[in-house]
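Trainee: After the structure tokens below, expect a handful of questions from me.
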Amino acid sequence: MDQQFDPILIEVLKNELTAVAEEMGITMKRTARSLGAKEGADFSTALVDAQGQLIAQGLTIGVHLGYIMGVMPWVLRKFGGSLQPGDVIVSNDPYGGVSHFPDIVLVMPIFWRDSLVGFSAIVEHHTDIGGRFPGGMGIACAEVYEEGVRIPGVKLFSQGKVNQELLDLIAANVRAPEDVLGDLEAQAAACRRGARGVQDLLDKYGLEKFTACNVQLHQYSERAIRSCIAAIPDGEYVCEDLFEDDGLGGPGVQLKLTIKVRGDSVVVDFAGTAPQVRSAINVPLNLTRACVYVAFRSILDTDAPANSGLVAPIQVTAPEGCVVNPQFPAAVGARGMMMWRIIDMVFAALAQAIPHKVYAAGEGGINLLVYTPQVQEGVPAMLLDMYSTGWGARPNKDGVEGVTPMAAGGATRSLPAEMIERECPVLIEGFGFVPDTGGAGQFRGALSVYRKWRFLNDGRVLLRTCRVKSVPYGLAGGKDGTPFQALLSSNGARTELPRQMLIDTPVRRGEVLLHVQPGAGGYGYPFARDPEMVLVDVLDEKISPAYAEREYGVVIDVEAGRVDEEKTKLIRRNIHPT
Amino acid sequence: MPNDTTLALRVAFDIGGTFTDVVVAGANGRLFTYKILTLPDSVGADVGRCVADALGQQPGGHIASLVHGTTIASNAVLEGKGAVTGLITTKGFRDELEIRRLGRPGVYDVFWERTPPLIPRRRRLEVSERMTVSGEVDTPLEVNDVREALHTLRAQGVEAIAVSFLHSYVNPVHERQATALVRELLPGVMVCASSEVLPEIREYERTSTTALNAYLMPVVNRYLDQLEAQLRQYHPSLLIMQSNGGVMTTEHARRRPVHMIESGPAAGVLAAASLAREIGLSQAVAFDMGGTTVKACLIENGQPVETAEGEVGAGINLASRLSKGAGYALRVPAYDIAEVGAGGGSLAWVDEGGALRVGPRSAGAVPGPACYGRGGTAPTITDANVTLGYMNPEKIAGGTVPIDAAAARAAIDRDLCTRLGLTVQNAAHGVHQVANATMMRAIRAVTTERGRDPREFSLIAFGGAGPIHAAELAASLGIGRVYVPLFPGLFSALGLLLADLRYDYVQSVPGRLDSVDPVPLLREFDVLAARVREEVFREEISPAGVQLERFIDLRYARQSSELTLQVPESVSATELLQVLAESFHSEHERTYGYRRENDAIAIVSLRLKATAPARSVGFRELGESFARTADEAENPEITRRAYFGPQSGEREARVLSRSDLVGKILAGPLIVEEFDTTVVVPPGWQAEVDGYGNIVLRH
């Protein structure tokens, strides 16, 4: 059907659909039980049409976009015409379109005047999902059977009636049943809110107009992204990287991607990437796709709505059985580190094509701690604490520091110390910048952000860092960032923990853990940095005078609070004679 | 002997960036209104001249009150013109004000820049001290650290200091010690502690609010010194509008300037709420459209809905209410006003996907819309409204602003028509519709996002541009009735005359509803009430006139967001817990669609709202006064061609004044032209004037 493009109705419906998806998110945040959802907003909401195409997304986690698109074909295949009003499907199956077990998707069919018109969907990262490792993100698993409860796309609600047996089964298998069950309820409430919002829109516009508009919105987003891709010079851009290690302390894992830009479409191919490994760092194909989508979305100038049209011109291929397209039953629980790396690699490859729009590497992705205090009885008050450092430097600006990675989306927040301490036996001893870190450059990378916990119970800690052997890279002469560090202090004695992506260690009451995340990469030659910017950093104690002189060739007269122009000129001339 | 009350004049003035509105309420609903240019150094004296003029017209009158709404605080934040401020905080938390919980708005923008921290790192200093979550001292306060920090801050010339320690909302003793040291060692420096400003859990939000307060204290104090000096000859005391629609004494404003950040917009909302109450509307949306933004606030049961989850300094937020972190967190009671960047001056443009967009960029006052002829060439919402025939094509504002309709059409033709493949008229109508869609987001943010159906509400439209869009906007939201009050362009200043004195107190009381002892719980309210009496005494307001309302914040155990419920006056301690539990379950179900009877309910905090009613202007009085002065002469019938979209097409619309509507019900299309606004009554709508002087539009 040839639909006439209606620029006005497009804008109206785009706002309305986005508002519905946002309302779902607000319902979730306000009613959830886990710290991660209610304080950290680690979830995403979406609306889907009857064919499983994404029509709108709430503003939340970037990569989550892919999970909902991934799970829909499975839902349609399995339940097809048998869905009833009030049904809610639940799945966390990485081999059914989702990501790893802690990410649970709920999908609710939306009916209007007795016919299926679409779906509301929400994905949330849950506190725990059972299995060998608290949090479900352990690295030392070889098969998904070790990773917790696999929920393969089943009904959580049938015609509005909750499947209590399923909930009982989940509750009996997870370490934080209150969090998980309470959050599932909140997710279902969000889905119902989304369904109601879509029904209201249908009451207003009718099905024919609504459908036509969605087709147009899809075309609109596709056109927008195509015009952005067309602005990238045709060609093949390759990025190769040796990923930290195989997850078991073995050799690094070869990663390769080739971005083939032709006209207004693009193929991202992972040929040349190493086979899947016997640890849990494998990335399911659906998530690999999502990483590519979100990286493209981040650097392209469009705020077109997030729907399936936005990814239509982007094709992602990966050899079967490789580490970014593993075959069942390979474990995937600890896929997070490689997920972030894929995003960095897309950026790095695109830097060759559109250098003015690509920035140096950030900390490498969201880092986290899972603390499971020992309990005599009942369930432990687990802490899933997530945080990051900030962005790499940009071609014309410093990296933003103390912020979530670009691809994480806009709603994720760190957890307040006071809320954590109310719910878990831990004291947050600090959360802030580490001076003299990050990569120097004409524009510098974000300083490292540290986080420090004092444990008030014996227990077990899992600590994730996305970059442990590699450091965040600099660009265009900017220096690389700075490495991570984890120190455990016990009665004054400090132990440096091993350089592993996932540290699994027992902790004792009173011990203090310090996690220094990697600092971000710089952009451009450090000696080209405006001395006044160096001065500001020195006065703010973000860098020391000695660092200023060493890295930037800028001498600061600390007493006077100004740049010593003469000495600075001398140093800068001697090192980079002009 | 003349009766004092009949000759008492009440003065309200709303100081904005460009104009200052002055409204003086005299006897029998008589209003004197003034619109003067804002000149920062003499604004008090200029307001004084308006007051003198009003006094001159009411011989024997005297000034009974001076109420003031101001953007001084929000402008100081937006323009970074607050005091040189320092922060003293718990060891390990120096960077919290800069990291802002890692938050950022919008998902994707590589070149995004965050607003610089209110207090730079060099003035954010840590001291050794720590409380636990239960308020026990984990690490005692190291007094020498405080001394050293003060030494460093003095060297940097600070004018104000914020003190914020972890868990001070439970145990403020360390903050009190540190504040006392500041007062002792740096006597000229203003200081405030987080446990006084906002004794609530969540360290970033509490610290940020406290930092804002400190940042504003010197600015607001200087401002009030000058203003009070310039106005003292008319009245000895001044009242200041707060973000929550109450007024406070200047003494309170000097200590808690953070409460006046939304002082300006709050007054308009308050006026709308008062109007709603007086005419018996239980549910309404206040819709205020000015030159650069649209503001919307929900009014339920005659009361504006409040929030304490604000952010300031982020610019206009078109993005999600979920994603924050661009500006500075601000958690004080404020009207829940949603704001989007679509005002008369908002620019229309075509994006790379070929879609028509409006705002958030604005042509502002300079260069302004193309039709103002002040140098603007890009098309704006106002240009579209002129092109469509809604606005007078020759002059507005009583003839003070000439309009160049050809320039408006040319701008639309050049920038929009070719790319959209539309005629000038259709493109202008498109701009109008897209603007409406953007404005709808503001209204949705305060209705559907809060689980309220806009169709059950009436719209109260004011501000210079609001009444042009109100009817169509209402139609697309399913709202059937629109009120355009008297003085729509001065409505905020009018709101200042309607405010009560108001103070809010909050106390965190963590606990569970099923295990708390209701007797001491109720006693906590008495403790708060004692604080009220202390403040009231200090501010010399008769305690007899003070009304207290008790609220409690509840949530399901392990949720993070609370619902605020009123604690009924009559409830006994024995019934209290059950009554609260039941009303919480119902409110949760109403708001979020489900209840969990078996889940424990957690208590978060108690709130006490103290209000002292001020004598107010009545809309009935205003309406009667309007009716008396309404022009009864039949004006010659004037019409203008205006375009109302593809269905209604171009129509001959009658152009008339508010007075022309008195005693009649006329069907659209009509255009009501007033000094400070234009009211569009599209086909399918009818208009009349009610007993309060409102133009009422019905679908």
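The chains in the structure tokens are called A, B, ... from first to last as shown; in each chain the residues are counted from 1, and the ligands are counted from 1 in the order shown.
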What's the 7 Å shell around segment 459-476 of chain B, counting only C-alpha atoms, without same-chain residues fewer than 6 positions away, as a PyMOL selection string?

Mentor: chain B and resi 272+284-290+344+436+482-484+488-489+491+676-681

Trainee: Could those selected residues go to a file with N, CA and C atoms, as a CSV table (one decimal), in the first residue's frame?

Mentor:
chain,number,residue,atom,x,y,z
B,272,ALA,N,-4.5,29.5,38.7
B,272,ALA,CA,-5.4,28.5,38.0
B,272,ALA,C,-6.1,27.7,39.1
B,284,ALA,N,-8.5,20.0,36.7
B,284,ALA,CA,-8.1,20.9,35.6
B,284,ALA,C,-6.7,20.8,35.4
B,285,VAL,N,-6.3,21.3,34.2
B,285,VAL,CA,-4.9,21.4,33.8
B,285,VAL,C,-4.6,22.9,33.6
B,286,ALA,N,-3.6,23.4,34.4
B,286,ALA,CA,-3.2,24.8,34.1
B,286,ALA,C,-2.2,24.7,33.0
B,287,PHE,N,-2.5,25.6,32.0
B,287,PHE,CA,-1.7,25.6,30.7
B,287,PHE,C,-1.2,27.0,30.5
B,288,ASP,N,0.1,27.2,30.6
B,288,ASP,CA,0.7,28.5,30.6
B,288,ASP,C,1.7,28.6,29.4
B,289,MET,N,1.3,29.3,28.4
B,289,MET,CA,2.2,29.4,27.2
B,289,MET,C,2.8,30.8,27.0
B,290,GLY,N,4.1,30.9,27.1
B,290,GLY,CA,4.7,32.2,26.9
B,290,GLY,C,5.5,32.2,25.6
B,344,GLY,N,5.6,30.9,21.7
B,344,GLY,CA,5.4,31.7,20.5
B,344,GLY,C,6.6,31.9,19.6
B,436,ASN,N,1.3,21.8,18.8
B,436,ASN,CA,0.3,21.3,19.7
B,436,ASN,C,0.7,19.9,20.2
B,482,VAL,N,-12.6,24.5,27.9
B,482,VAL,CA,-11.4,25.4,28.1
B,482,VAL,C,-11.8,26.7,28.8
B,483,TYR,N,-11.1,27.1,29.8
B,483,TYR,CA,-11.4,28.4,30.4
B,483,TYR,C,-10.2,29.4,30.1
B,484,VAL,N,-10.6,30.5,29.6
B,484,VAL,CA,-9.5,31.6,29.5
B,484,VAL,C,-9.9,32.7,30.5
B,488,PRO,N,-5.4,37.2,31.1
B,488,PRO,CA,-4.6,36.0,30.9
B,488,PRO,C,-3.0,36.3,30.9
B,489,GLY,N,-2.7,37.5,30.4
B,489,GLY,CA,-1.2,37.8,30.3
B,489,GLY,C,-0.7,38.2,31.6
B,491,PHE,N,-1.8,36.8,34.5
B,491,PHE,CA,-2.4,35.8,35.4
B,491,PHE,C,-1.5,35.4,36.6
B,676,ASP,N,-3.6,41.5,25.8
B,676,ASP,CA,-2.4,40.7,26.0
B,676,ASP,C,-2.5,39.3,25.4
B,677,THR,N,-3.5,39.0,24.7
B,677,THR,CA,-3.6,37.6,24.1
B,677,THR,C,-4.7,37.6,23.0
B,678,THR,N,-4.7,36.4,22.4
B,678,THR,CA,-5.7,36.2,21.4
B,678,THR,C,-6.4,34.8,21.7
B,679,VAL,N,-7.7,34.8,21.7
B,679,VAL,CA,-8.3,33.5,22.0
B,679,VAL,C,-8.9,33.0,20.7
B,680,VAL,N,-8.6,31.8,20.3
B,680,VAL,CA,-9.1,31.2,19.1
B,680,VAL,C,-10.2,30.2,19.4
B,681,VAL,N,-11.4,30.4,18.8
B,681,VAL,CA,-12.5,29.5,19.0
B,681,VAL,C,-12.7,28.8,17.7

Trainee: Please list as an MDAnalysis selection string every residue within 10 Å of Thr574 of chain B, counting only C-alpha atoms and excluding residues in the same chain fewer than 5 positions away.

Mentor: chainID B and resid 517:519 579

Trainee: Each residue of segment 235-308 of chain A with at least one atom at most 6 Å from segment 134-148 of chain A should appear once, together with its nearest atom pair and the corresponding distance in Å (one decimal); atoms considered: only C-alpha atoms; ordering: chain, then increasing residue number; output as a Markdown table.

Mentor:
| residue | atom | partner | partner_atom | distance |
| --- | --- | --- | --- | --- |
| A:Arg278 | CA | A:Ala142 | CA | 4.7 |
| A:Ser279 | CA | A:Ala142 | CA | 4.8 |
| A:Ala280 | CA | A:Ile139 | CA | 4.8 |

Trainee: Write out the residues from the selection above, keeping N, CA, C and O atoms, as a JSON list (two decimals), in the first residue's frame.

Mentor:
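For reference, selection-v2.json as written:
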[["chain", "number", "residue", "atom", "x", "y", "z"],
["A", 278, "ARG", "N", 34.96, -21.97, 26.27],
["A", 278, "ARG", "CA", 34.35, -22.80, 27.31],
["A", 278, "ARG", "C", 34.12, -22.00, 28.59],
["A", 278, "ARG", "O", 34.10, -22.55, 29.69],
["A", 279, "SER", "N", 33.99, -20.72, 28.47],
["A", 279, "SER", "CA", 33.62, -19.89, 29.63],
["A", 279, "SER", "C", 32.35, -19.14, 29.26],
["A", 279, "SER", "O", 31.81, -19.35, 28.18],
["A", 280, "ALA", "N", 31.94, -18.24, 30.15],
["A", 280, "ALA", "CA", 30.63, -17.59, 29.97],
["A", 280, "ALA", "C", 30.73, -16.22, 29.30],
["A", 280, "ALA", "O", 29.82, -15.42, 29.39]]

Trainee: Hey, which of B:Thr564, B:Ser263, B:Asn171, B:Gln283 ends up closest to Gly495 of chain B? Count only C-alpha atoms.

Mentor: B:Ser263

Trainee: From a DSSP calculation on the backbone, collect every residue of segment 192-387 of chain A in alpha helix (DSSP H) and output the set as a PyMOL selection string.

Mentor: chain A and resi 192-230+285-299+336-353

Trainee: Please write the residues from the selection above to a file, keeping C-alpha atoms, as a short mmCIF file (atom, residue, chain, number, x, y, z; two decimals), in the first residue's frame.

Mentor:
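Generated output (again.cif):
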data_model
loop_
_atom_site.label_atom_id
_atom_site.label_comp_id
_atom_site.auth_asym_id
_atom_site.auth_seq_id
_atom_site.Cartn_x
_atom_site.Cartn_y
_atom_site.Cartn_z
CA ARG A 192 -0.50 -3.44 31.33
CA ARG A 193 0.11 0.30 31.39
CA GLY A 194 1.62 0.07 27.91
CA ALA A 195 -1.30 -1.97 26.60
CA ARG A 196 -3.78 0.53 27.97
CA GLY A 197 -1.87 3.39 26.36
CA VAL A 198 -1.97 1.72 22.95
CA GLN A 199 -5.67 0.94 23.32
CA ASP A 200 -6.30 4.61 24.06
CA LEU A 201 -4.44 5.58 20.90
CA LEU A 202 -6.51 3.11 18.91
CA ASP A 203 -9.72 4.51 20.37
CA LYS A 204 -8.56 7.87 19.12
CA TYR A 205 -7.14 7.04 15.69
CA GLY A 206 -8.70 3.70 14.78
CA LEU A 207 -6.71 0.70 13.64
CA GLU A 208 -6.27 1.68 10.02
CA LYS A 209 -4.75 5.07 10.73
CA PHE A 210 -2.69 3.73 13.61
CA THR A 211 -1.21 0.98 11.44
CA ALA A 212 -0.58 3.33 8.54
CA CYS A 213 1.19 5.74 10.86
CA ASN A 214 3.39 3.01 12.23
CA VAL A 215 4.37 1.99 8.75
CA GLN A 216 5.23 5.60 8.06
CA LEU A 217 7.16 5.96 11.30
CA HIS A 218 9.12 2.87 10.36
CA GLN A 219 9.87 4.35 6.95
CA TYR A 220 10.72 7.68 8.50
CA SER A 221 13.31 6.18 10.86
CA GLU A 222 14.70 4.04 8.07
CA ARG A 223 15.04 7.07 5.82
CA ALA A 224 16.72 9.05 8.59
CA ILE A 225 19.30 6.38 9.34
CA ARG A 226 19.91 5.75 5.65
CA SER A 227 20.67 9.41 5.04
CA CYS A 228 23.16 9.28 7.93
CA ILE A 229 24.83 6.14 6.58
CA ALA A 230 24.99 7.65 3.10
CA LEU A 285 24.09 -13.29 18.27
CA ASN A 286 21.03 -11.29 19.15
CA LEU A 287 23.07 -9.22 21.59
CA THR A 288 25.92 -8.87 19.09
CA ARG A 289 23.41 -7.32 16.72
CA ALA A 290 22.13 -5.02 19.45
CA CYS A 291 25.70 -3.83 20.14
CA VAL A 292 26.16 -2.88 16.50
CA TYR A 293 22.81 -1.10 16.39
CA VAL A 294 23.49 0.92 19.49
CA ALA A 295 26.96 1.92 18.33
CA PHE A 296 25.56 3.21 15.06
CA ARG A 297 22.73 4.93 16.83
CA SER A 298 25.22 6.70 19.09
CA ILE A 299 27.24 8.39 16.39
CA GLY A 336 28.91 -8.12 29.47
CA MET A 337 32.58 -7.36 29.03
CA MET A 338 32.67 -8.52 25.43
CA MET A 339 29.39 -6.80 24.71
CA TRP A 340 30.97 -3.46 25.56
CA ARG A 341 34.06 -4.37 23.57
CA ILE A 342 32.05 -4.96 20.42
CA ILE A 343 30.59 -1.47 20.77
CA ASP A 344 34.08 0.01 21.18
CA MET A 345 35.22 -1.89 18.09
CA VAL A 346 32.43 -0.50 15.95
CA PHE A 347 33.47 2.98 17.10
CA ALA A 348 37.12 2.25 16.37
CA ALA A 349 36.36 1.00 12.87
CA LEU A 350 34.13 3.97 12.12
CA ALA A 351 36.86 6.31 13.36
CA GLN A 352 38.63 5.52 10.08
CA ALA A 353 35.63 6.70 8.08
#

Trainee: At a cut-off of 7 Å, using only C-alpha atoms, what residues contact Gln559 of chain B? Leave out same-chain residues fewer than 5 positions from it and give the result as number ranges by chain.

Mentor: A: 31-33, 38

Trainee: Could you pull the residues within 7 Å of Glu688 of chain B, counting only C-alpha atoms, minus those fewer than 6 positions along the same chain, as a list of chain:residue names?

Mentor: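 With the cut-off at 7 Å, the set is B:Leu661, B:Val662, B:Lys664, B:Ile665, B:Leu666, B:Ile695, B:Val696, B:Leu697.
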
Trainee: Which polymer residues have any atom within 6 Å of an atom of Glu22 of chain A, counting only C-alpha atoms, with same-chain residues fewer than 3 positions away left out, as a PDB file with N, CA and C atoms, in the first residue's frame?

Mentor:
ATOM      1  N   ALA A  19       5.563   8.596  24.645  1.00  0.00           N
ATOM      2  CA  ALA A  19       5.009   8.891  25.967  1.00  0.00           C
ATOM      3  C   ALA A  19       4.466   7.617  26.614  1.00  0.00           C
ATOM      4  N   GLY A  25       7.917   2.866  31.761  1.00  0.00           N
ATOM      5  CA  GLY A  25       9.154   2.955  32.535  1.00  0.00           C
ATOM      6  C   GLY A  25       8.932   3.573  33.903  1.00  0.00           C
ATOM      7  N   GLY A  58      10.993   3.164  25.177  1.00  0.00           N
ATOM      8  CA  GLY A  58      11.193   4.138  26.243  1.00  0.00           C
ATOM      9  C   GLY A  58      12.676   4.451  26.327  1.00  0.00           C
TER      10      GLY A  58
END

Trainee: Neighbours of segment 425-430 of chain B within 12 Å (only C-alpha atoms; same-chain residues fewer than 6 positions away dropped), as a PyMOL selection string?

Mentor: (chain A and resi 6-12) or (chain B and resi 348-350+355-358+379-390+408-419+436-437+469+472+641-647+649-650)

Trainee: Write a file of the just-selected residues containing C-alpha atoms, as a PDB file, in the first residue's frame.

Mentor:
ATOM      1  CA  ASP A   6       2.186  12.823   6.544  1.00  0.00           C
ATOM      2  CA  PRO A   7       4.890  14.851   8.310  1.00  0.00           C
ATOM      3  CA  ILE A   8       2.519  16.199  10.889  1.00  0.00           C
ATOM      4  CA  LEU A   9       0.756  13.094  12.032  1.00  0.00           C
ATOM      5  CA  ILE A  10       4.161  11.406  12.190  1.00  0.00           C
ATOM      6  CA  GLU A  11       5.370  13.851  14.795  1.00  0.00           C
ATOM      7  CA  VAL A  12       2.137  13.620  16.759  1.00  0.00           C
TER       8      VAL A  12
ATOM      9  CA  ALA B 348       9.935  25.512  12.983  1.00  0.00           C
ATOM     10  CA  TRP B 349      12.301  23.414  10.868  1.00  0.00           C
ATOM     11  CA  VAL B 350      12.501  20.296   8.695  1.00  0.00           C
ATOM     12  CA  ALA B 355       9.624  15.639   9.140  1.00  0.00           C
ATOM     13  CA  LEU B 356       8.405  18.993  10.322  1.00  0.00           C
ATOM     14  CA  ARG B 357       9.724  19.913  13.773  1.00  0.00           C
ATOM     15  CA  VAL B 358       9.029  22.744  16.177  1.00  0.00           C
ATOM     16  CA  PRO B 379       9.599  30.871  10.909  1.00  0.00           C
ATOM     17  CA  THR B 380       8.170  30.513  14.415  1.00  0.00           C
ATOM     18  CA  ILE B 381       4.917  29.380  15.948  1.00  0.00           C
ATOM     19  CA  THR B 382       3.805  33.015  16.063  1.00  0.00           C
ATOM     20  CA  ASP B 383       4.482  33.358  12.321  1.00  0.00           C
ATOM     21  CA  ALA B 384       2.321  30.315  11.681  1.00  0.00           C
ATOM     22  CA  ASN B 385      -0.454  31.766  13.840  1.00  0.00           C
ATOM     23  CA  VAL B 386      -0.331  35.066  11.956  1.00  0.00           C
ATOM     24  CA  THR B 387      -0.332  33.263   8.602  1.00  0.00           C
ATOM     25  CA  LEU B 388      -3.322  31.168   9.620  1.00  0.00           C
ATOM     26  CA  GLY B 389      -5.235  34.322  10.472  1.00  0.00           C
ATOM     27  CA  TYR B 390      -5.438  33.564  14.185  1.00  0.00           C
ATOM     28  CA  ALA B 408       5.675  35.556   8.328  1.00  0.00           C
ATOM     29  CA  ARG B 409       4.433  33.972   5.097  1.00  0.00           C
ATOM     30  CA  ALA B 410       7.783  34.499   3.396  1.00  0.00           C
ATOM     31  CA  ALA B 411       9.663  32.774   6.218  1.00  0.00           C
ATOM     32  CA  ILE B 412       7.372  29.755   6.091  1.00  0.00           C
ATOM     33  CA  ASP B 413       7.511  29.611   2.321  1.00  0.00           C
ATOM     34  CA  ARG B 414      11.291  29.761   2.185  1.00  0.00           C
ATOM     35  CA  ASP B 415      12.204  27.410   5.042  1.00  0.00           C
ATOM     36  CA  LEU B 416       9.400  24.874   5.042  1.00  0.00           C
ATOM     37  CA  CYS B 417       7.249  24.705   1.929  1.00  0.00           C
ATOM     38  CA  THR B 418       9.704  23.378  -0.611  1.00  0.00           C
ATOM     39  CA  ARG B 419      11.067  20.673   1.621  1.00  0.00           C
ATOM     40  CA  ASN B 436       0.303  21.270  19.673  1.00  0.00           C
ATOM     41  CA  ALA B 437       1.765  17.761  19.678  1.00  0.00           C
ATOM     42  CA  HIS B 469      -3.694  26.917  21.001  1.00  0.00           C
ATOM     43  CA  GLU B 472      -7.243  22.584  19.464  1.00  0.00           C
ATOM     44  CA  ARG B 641     -10.262  34.800   7.138  1.00  0.00           C
ATOM     45  CA  ALA B 642      -8.620  32.041   9.126  1.00  0.00           C
ATOM     46  CA  TYR B 643      -7.621  28.499   8.225  1.00  0.00           C
ATOM     47  CA  PHE B 644      -8.755  25.692  10.517  1.00  0.00           C
ATOM     48  CA  GLY B 645      -7.248  22.606   8.912  1.00  0.00           C
ATOM     49  CA  PRO B 646      -8.228  20.386   6.004  1.00  0.00           C
ATOM     50  CA  GLN B 647     -11.632  19.445   7.436  1.00  0.00           C
ATOM     51  CA  GLY B 649     -10.888  24.735   5.646  1.00  0.00           C
ATOM     52  CA  GLU B 650     -10.592  28.495   5.450  1.00  0.00           C
TER      53      GLU B 650
END

Trainee: Give me the residues near Thr139 of chain B as a tab-separated table (two decimals) with C-alpha atoms, in the first residue's frame, where near means some atom within 10 Å (using only C-alpha atoms) and where sequence neighbours in that chain fewer than 6 positions away do not count.

Mentor:
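Just written: part_27.tsv:
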chain	number	residue	atom	x	y	z
B	128	SER	CA	36.69	12.52	58.41
B	129	GLU	CA	33.33	11.54	59.95
B	130	ARG	CA	30.71	8.88	59.37
B	131	MET	CA	27.24	7.99	60.62
B	132	THR	CA	25.61	4.64	60.01

Trainee: Rank nothing, just name the residue among A:Arg508, A:Arg335, A:His356, A:Arg550 nearest to chain B, using only C-alpha atoms.

Mentor: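 Closest to chain B, using only C-alpha atoms: A:His356.
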